[in-house]
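Have a look at the structure below, then the notes.
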Amino acid sequence: MDIEEEIRSLQLDSAEDNGVVNPDAAQPEVENSNKMEEDSKEEVHAHSVKPEVVEQKGKEKINVDPEEEHDEMELDKKRHLNVVFIGHVDAGKSTTGGQILFLSGQVDDRTIQKYEKEAKEKSRESWYMAYIMDTNEEERVKGKTVEVGRAHFETESSRFTILDAPGHKSYVPNMISGASQADVGVLVISARKGEFETGYERGGQTREHVQLAKTLGVSKLLVVVNKMDDPTVNWAKERYDEIGSKMVPFLKTSGYNVKKDVQFLPISGLVGTNIKNRVDKTVCSWWDGPCLFEALDAIEIPLRDPKGPFRMPIIDKFKDMGTVVMGKVESGSVREGDSLFVMPNKVPVKVVAIFIDEDRVKRAGPGENLRVRLSGIEEEDILSGFVLASVANPIPAVTDFFAQLQILELLDNAILTAGYKAVLHIHSIVEECEIIELISQMDPKTKKPMKKHIRFVKNGAVVVCKIQVNNLICVEKFSDFPQLGRFTLRTEGKTIAVGKVIDPPSTYSRKLSS
């Protein structure tokens, strides 16, 4: 009897080791055993059933991955918009951005109390809200935004990425970087007596920021008149109307359709009035319009092509379990496992992981700000201005291109000729360039060639020219990809011209073919 038991236990052990998964095959042996082996019977039954359950679960995962389904739903449920905060230094951009994050629940009371204490210690009590956006010590000590702050918040229908651009003229290149990623602009204007005038007058950043925003593709603009609670204003309609009457003509000359693409509204960024909820009639009896959250929700989303060729200009890179790049998707979609090129060097890479905000997702579409982990390339081999592009249709890499250029204001009323040097800002690229040929001058009204074989142009002229850079850069024709084909030229800290990449002029094409 002992020998028989030993043999049976050996058989059971071998069945377990071999991972018996068929209960029918295991059952007869268990049925023929006596009551002394009931424990063993239960053990065999458990071992025979478990793998089936696991196998079924595995099948479910293959057919419908709950995580993937969640990602797809999350991405499609809420639209996403990039909002850049622009305006003159000290208008209250960072404070307003901080207040938005606090009111939308992104920052808790304890953190606010900590910032209040820190600001008080620096004798800057009114700056505490700005500390939410201005995270480095230099920004907090000076009270000036230097880098483009980035944060996220949600309303019931939309997800927003806030891009807090620096207002000081020394940091305009950083502002250009922020605006080039934006869909919507929030122009923050201070209503405080003297502050609006300083920002709006010649040399103030209100004017330059508006012109740059339009050039960089920010087609919708919310003009928020901030600091309405200031003692010099006290929610006065007269002051609000005065600012509007000065801004509207300037916005028109900058290319904005004021009735269709611009909306004005009064706020107080410091105390949060008219941001999440409409201003109380006891505070401001004359305002019947929306609050800032409502105005942002009502903005129509720009058209995007999720099935177009993939384009993501790289704005930053770092190491984190591999090489990670950051940028905004301008066209197409990307999935984990996709093979792409890093242009202009045409380095083949594979997408290992995709992150939106802090969440890992399976795929992402146009308009999203992403962090993408790549394999096949080292972090030091990537520069800002490189572009992640589809293998089937990579972005062109060039050292020269044709452009239509609008001259704004040359330094010291100079003239623009072949040989003129400037700094080119196009998507996330900052590159020195040279005008190597002026081809024709355009009529500003008809946009048709007026003069050919010109030698120079002055302020206000529209000219077709050829521009050369020292290194390979990635650009697209404006007509194909507006965000990758519009640019600004700057020199000595001043924007001198705006332009767009165009096809070679027909006269030039004939010259090349002959």
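To be explicit about the labels: the chains of the structure tokens are called A, B, and onward in the order shown, and within each one the residues are counted from 1, while ligands get numbers from 1 in the order they are shown.
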Lys466 (chain A): which residues within 7 Å, counting only C-alpha atoms, same-chain residues fewer than 6 positions away excluded, as a count of residues only?
-> 8
All residues 8 Å or closer to Gly367 (chain A), only C-alpha atoms, same chain fewer than 4 positions away omitted, as a PyMOL selection string = chain A and resi 80-82+304+328-331
In Å, how far is it from CA of Asp320 (chain A) to CA of Gly308 (chain A)?
-> 29.2 Å
Counting only C-alpha atoms, give me one row per residue of region 373-400 of chain A with an atom at most 8 Å from an atom of region 309-316 of chain A, showing the shortest contact pair and its distance in Å to one decimal, sorted by chain then residue number, as JSON lines.
{"residue": "A:Leu383", "atom": "CA", "partner": "A:Ile314", "partner_atom": "CA", "distance": 7.6}
{"residue": "A:Ser384", "atom": "CA", "partner": "A:Ile315", "partner_atom": "CA", "distance": 4.9}
{"residue": "A:Gly385", "atom": "CA", "partner": "A:Ile314", "partner_atom": "CA", "distance": 5.6}
{"residue": "A:Phe386", "atom": "CA", "partner": "A:Ile314", "partner_atom": "CA", "distance": 5.5}
{"residue": "A:Val387", "atom": "CA", "partner": "A:Pro313", "partner_atom": "CA", "distance": 4.2}
{"residue": "A:Leu388", "atom": "CA", "partner": "A:Met312", "partner_atom": "CA", "distance": 5.0}
{"residue": "A:Ala389", "atom": "CA", "partner": "A:Arg311", "partner_atom": "CA", "distance": 4.8}
{"residue": "A:Ser390", "atom": "CA", "partner": "A:Phe310", "partner_atom": "CA", "distance": 5.0}
{"residue": "A:Ala392", "atom": "CA", "partner": "A:Pro309", "partner_atom": "CA", "distance": 8.0}
{"residue": "A:Asn393", "atom": "CA", "partner": "A:Pro309", "partner_atom": "CA", "distance": 6.1}
{"residue": "A:Pro394", "atom": "CA", "partner": "A:Pro309", "partner_atom": "CA", "distance": 7.8}
{"residue": "A:Ile395", "atom": "CA", "partner": "A:Arg311", "partner_atom": "CA", "distance": 7.5}
Could you save the residues just selected, with all heavy atoms, as a PDB file, in the first residue's frame?
ATOM      1  N   LEU A 383      19.732  67.801 -31.701  1.00  0.00           N
ATOM      2  CA  LEU A 383      19.738  69.227 -31.383  1.00  0.00           C
ATOM      3  C   LEU A 383      18.322  69.768 -31.456  1.00  0.00           C
ATOM      4  O   LEU A 383      17.475  69.235 -32.184  1.00  0.00           O
ATOM      5  CB  LEU A 383      20.619  70.002 -32.378  1.00  0.00           C
ATOM      6  CG  LEU A 383      22.120  69.668 -32.405  1.00  0.00           C
ATOM      7  CD1 LEU A 383      22.787  70.405 -33.552  1.00  0.00           C
ATOM      8  CD2 LEU A 383      22.779  70.031 -31.086  1.00  0.00           C
ATOM      9  N   SER A 384      18.048  70.853 -30.704  1.00  0.00           N
ATOM     10  CA  SER A 384      16.757  71.541 -30.851  1.00  0.00           C
ATOM     11  C   SER A 384      16.641  72.008 -32.291  1.00  0.00           C
ATOM     12  O   SER A 384      17.590  72.566 -32.840  1.00  0.00           O
ATOM     13  CB  SER A 384      16.694  72.751 -29.915  1.00  0.00           C
ATOM     14  OG  SER A 384      16.618  72.323 -28.590  1.00  0.00           O
ATOM     15  N   GLY A 385      15.473  71.792 -32.888  1.00  0.00           N
ATOM     16  CA  GLY A 385      15.293  72.145 -34.299  1.00  0.00           C
ATOM     17  C   GLY A 385      15.302  70.939 -35.206  1.00  0.00           C
ATOM     18  O   GLY A 385      14.828  71.003 -36.342  1.00  0.00           O
ATOM     19  N   PHE A 386      15.830  69.795 -34.705  1.00  0.00           N
ATOM     20  CA  PHE A 386      15.696  68.548 -35.465  1.00  0.00           C
ATOM     21  C   PHE A 386      14.210  68.168 -35.465  1.00  0.00           C
ATOM     22  O   PHE A 386      13.441  68.640 -34.627  1.00  0.00           O
ATOM     23  CB  PHE A 386      16.522  67.436 -34.824  1.00  0.00           C
ATOM     24  CG  PHE A 386      18.002  67.500 -35.141  1.00  0.00           C
ATOM     25  CD1 PHE A 386      18.574  68.654 -35.657  1.00  0.00           C
ATOM     26  CD2 PHE A 386      18.820  66.409 -34.909  1.00  0.00           C
ATOM     27  CE1 PHE A 386      19.935  68.720 -35.941  1.00  0.00           C
ATOM     28  CE2 PHE A 386      20.180  66.459 -35.186  1.00  0.00           C
ATOM     29  CZ  PHE A 386      20.741  67.617 -35.705  1.00  0.00           C
ATOM     30  N   VAL A 387      13.826  67.319 -36.404  1.00  0.00           N
ATOM     31  CA  VAL A 387      12.409  66.976 -36.552  1.00  0.00           C
ATOM     32  C   VAL A 387      12.249  65.461 -36.612  1.00  0.00           C
ATOM     33  O   VAL A 387      12.951  64.781 -37.372  1.00  0.00           O
ATOM     34  CB  VAL A 387      11.812  67.617 -37.830  1.00  0.00           C
ATOM     35  CG1 VAL A 387      10.355  67.193 -38.016  1.00  0.00           C
ATOM     36  CG2 VAL A 387      11.904  69.137 -37.754  1.00  0.00           C
ATOM     37  N   LEU A 388      11.318  64.935 -35.795  1.00  0.00           N
ATOM     38  CA  LEU A 388      10.914  63.522 -35.922  1.00  0.00           C
ATOM     39  C   LEU A 388       9.942  63.428 -37.080  1.00  0.00           C
ATOM     40  O   LEU A 388       8.923  64.138 -37.092  1.00  0.00           O
ATOM     41  CB  LEU A 388      10.217  63.058 -34.646  1.00  0.00           C
ATOM     42  CG  LEU A 388      11.004  62.300 -33.592  1.00  0.00           C
ATOM     43  CD1 LEU A 388      10.060  61.857 -32.488  1.00  0.00           C
ATOM     44  CD2 LEU A 388      11.737  61.106 -34.158  1.00  0.00           C
ATOM     45  N   ALA A 389      10.236  62.591 -38.065  1.00  0.00           N
ATOM     46  CA  ALA A 389       9.401  62.554 -39.273  1.00  0.00           C
ATOM     47  C   ALA A 389       9.174  61.116 -39.731  1.00  0.00           C
ATOM     48  O   ALA A 389       9.946  60.209 -39.386  1.00  0.00           O
ATOM     49  CB  ALA A 389      10.080  63.349 -40.391  1.00  0.00           C
ATOM     50  N   SER A 390       8.101  60.914 -40.490  1.00  0.00           N
ATOM     51  CA  SER A 390       7.771  59.577 -40.990  1.00  0.00           C
ATOM     52  C   SER A 390       8.820  59.110 -41.999  1.00  0.00           C
ATOM     53  O   SER A 390       9.411  59.913 -42.725  1.00  0.00           O
ATOM     54  CB  SER A 390       6.373  59.584 -41.628  1.00  0.00           C
ATOM     55  OG  SER A 390       6.293  60.589 -42.608  1.00  0.00           O
ATOM     56  N   ALA A 392       8.261  57.132 -44.612  1.00  0.00           N
ATOM     57  CA  ALA A 392       7.726  57.144 -45.983  1.00  0.00           C
ATOM     58  C   ALA A 392       7.754  58.537 -46.607  1.00  0.00           C
ATOM     59  O   ALA A 392       7.898  58.681 -47.823  1.00  0.00           O
ATOM     60  CB  ALA A 392       6.297  56.609 -45.980  1.00  0.00           C
ATOM     61  N   ASN A 393       7.616  59.572 -45.755  1.00  0.00           N
ATOM     62  CA  ASN A 393       7.561  60.943 -46.275  1.00  0.00           C
ATOM     63  C   ASN A 393       8.338  61.865 -45.343  1.00  0.00           C
ATOM     64  O   ASN A 393       7.765  62.638 -44.595  1.00  0.00           O
ATOM     65  CB  ASN A 393       6.085  61.377 -46.379  1.00  0.00           C
ATOM     66  CG  ASN A 393       5.927  62.683 -47.130  1.00  0.00           C
ATOM     67  OD1 ASN A 393       6.900  63.391 -47.396  1.00  0.00           O
ATOM     68  ND2 ASN A 393       4.692  63.027 -47.455  1.00  0.00           N
ATOM     69  N   PRO A 394       9.689  61.789 -45.370  1.00  0.00           N
ATOM     70  CA  PRO A 394      10.475  62.615 -44.442  1.00  0.00           C
ATOM     71  C   PRO A 394      10.447  64.092 -44.831  1.00  0.00           C
ATOM     72  O   PRO A 394      10.205  64.437 -45.985  1.00  0.00           O
ATOM     73  CB  PRO A 394      11.892  62.042 -44.558  1.00  0.00           C
ATOM     74  CG  PRO A 394      11.932  61.375 -45.888  1.00  0.00           C
ATOM     75  CD  PRO A 394      10.534  60.932 -46.201  1.00  0.00           C
ATOM     76  N   ILE A 395      10.697  64.946 -43.853  1.00  0.00           N
ATOM     77  CA  ILE A 395      10.703  66.397 -44.076  1.00  0.00           C
ATOM     78  C   ILE A 395      11.955  66.785 -44.873  1.00  0.00           C
ATOM     79  O   ILE A 395      13.028  66.226 -44.649  1.00  0.00           O
ATOM     80  CB  ILE A 395      10.641  67.150 -42.731  1.00  0.00           C
ATOM     81  CG1 ILE A 395      10.483  68.659 -42.925  1.00  0.00           C
ATOM     82  CG2 ILE A 395      11.853  66.841 -41.863  1.00  0.00           C
ATOM     83  CD1 ILE A 395      10.164  69.403 -41.629  1.00  0.00           C
TER      84      ILE A 395
END
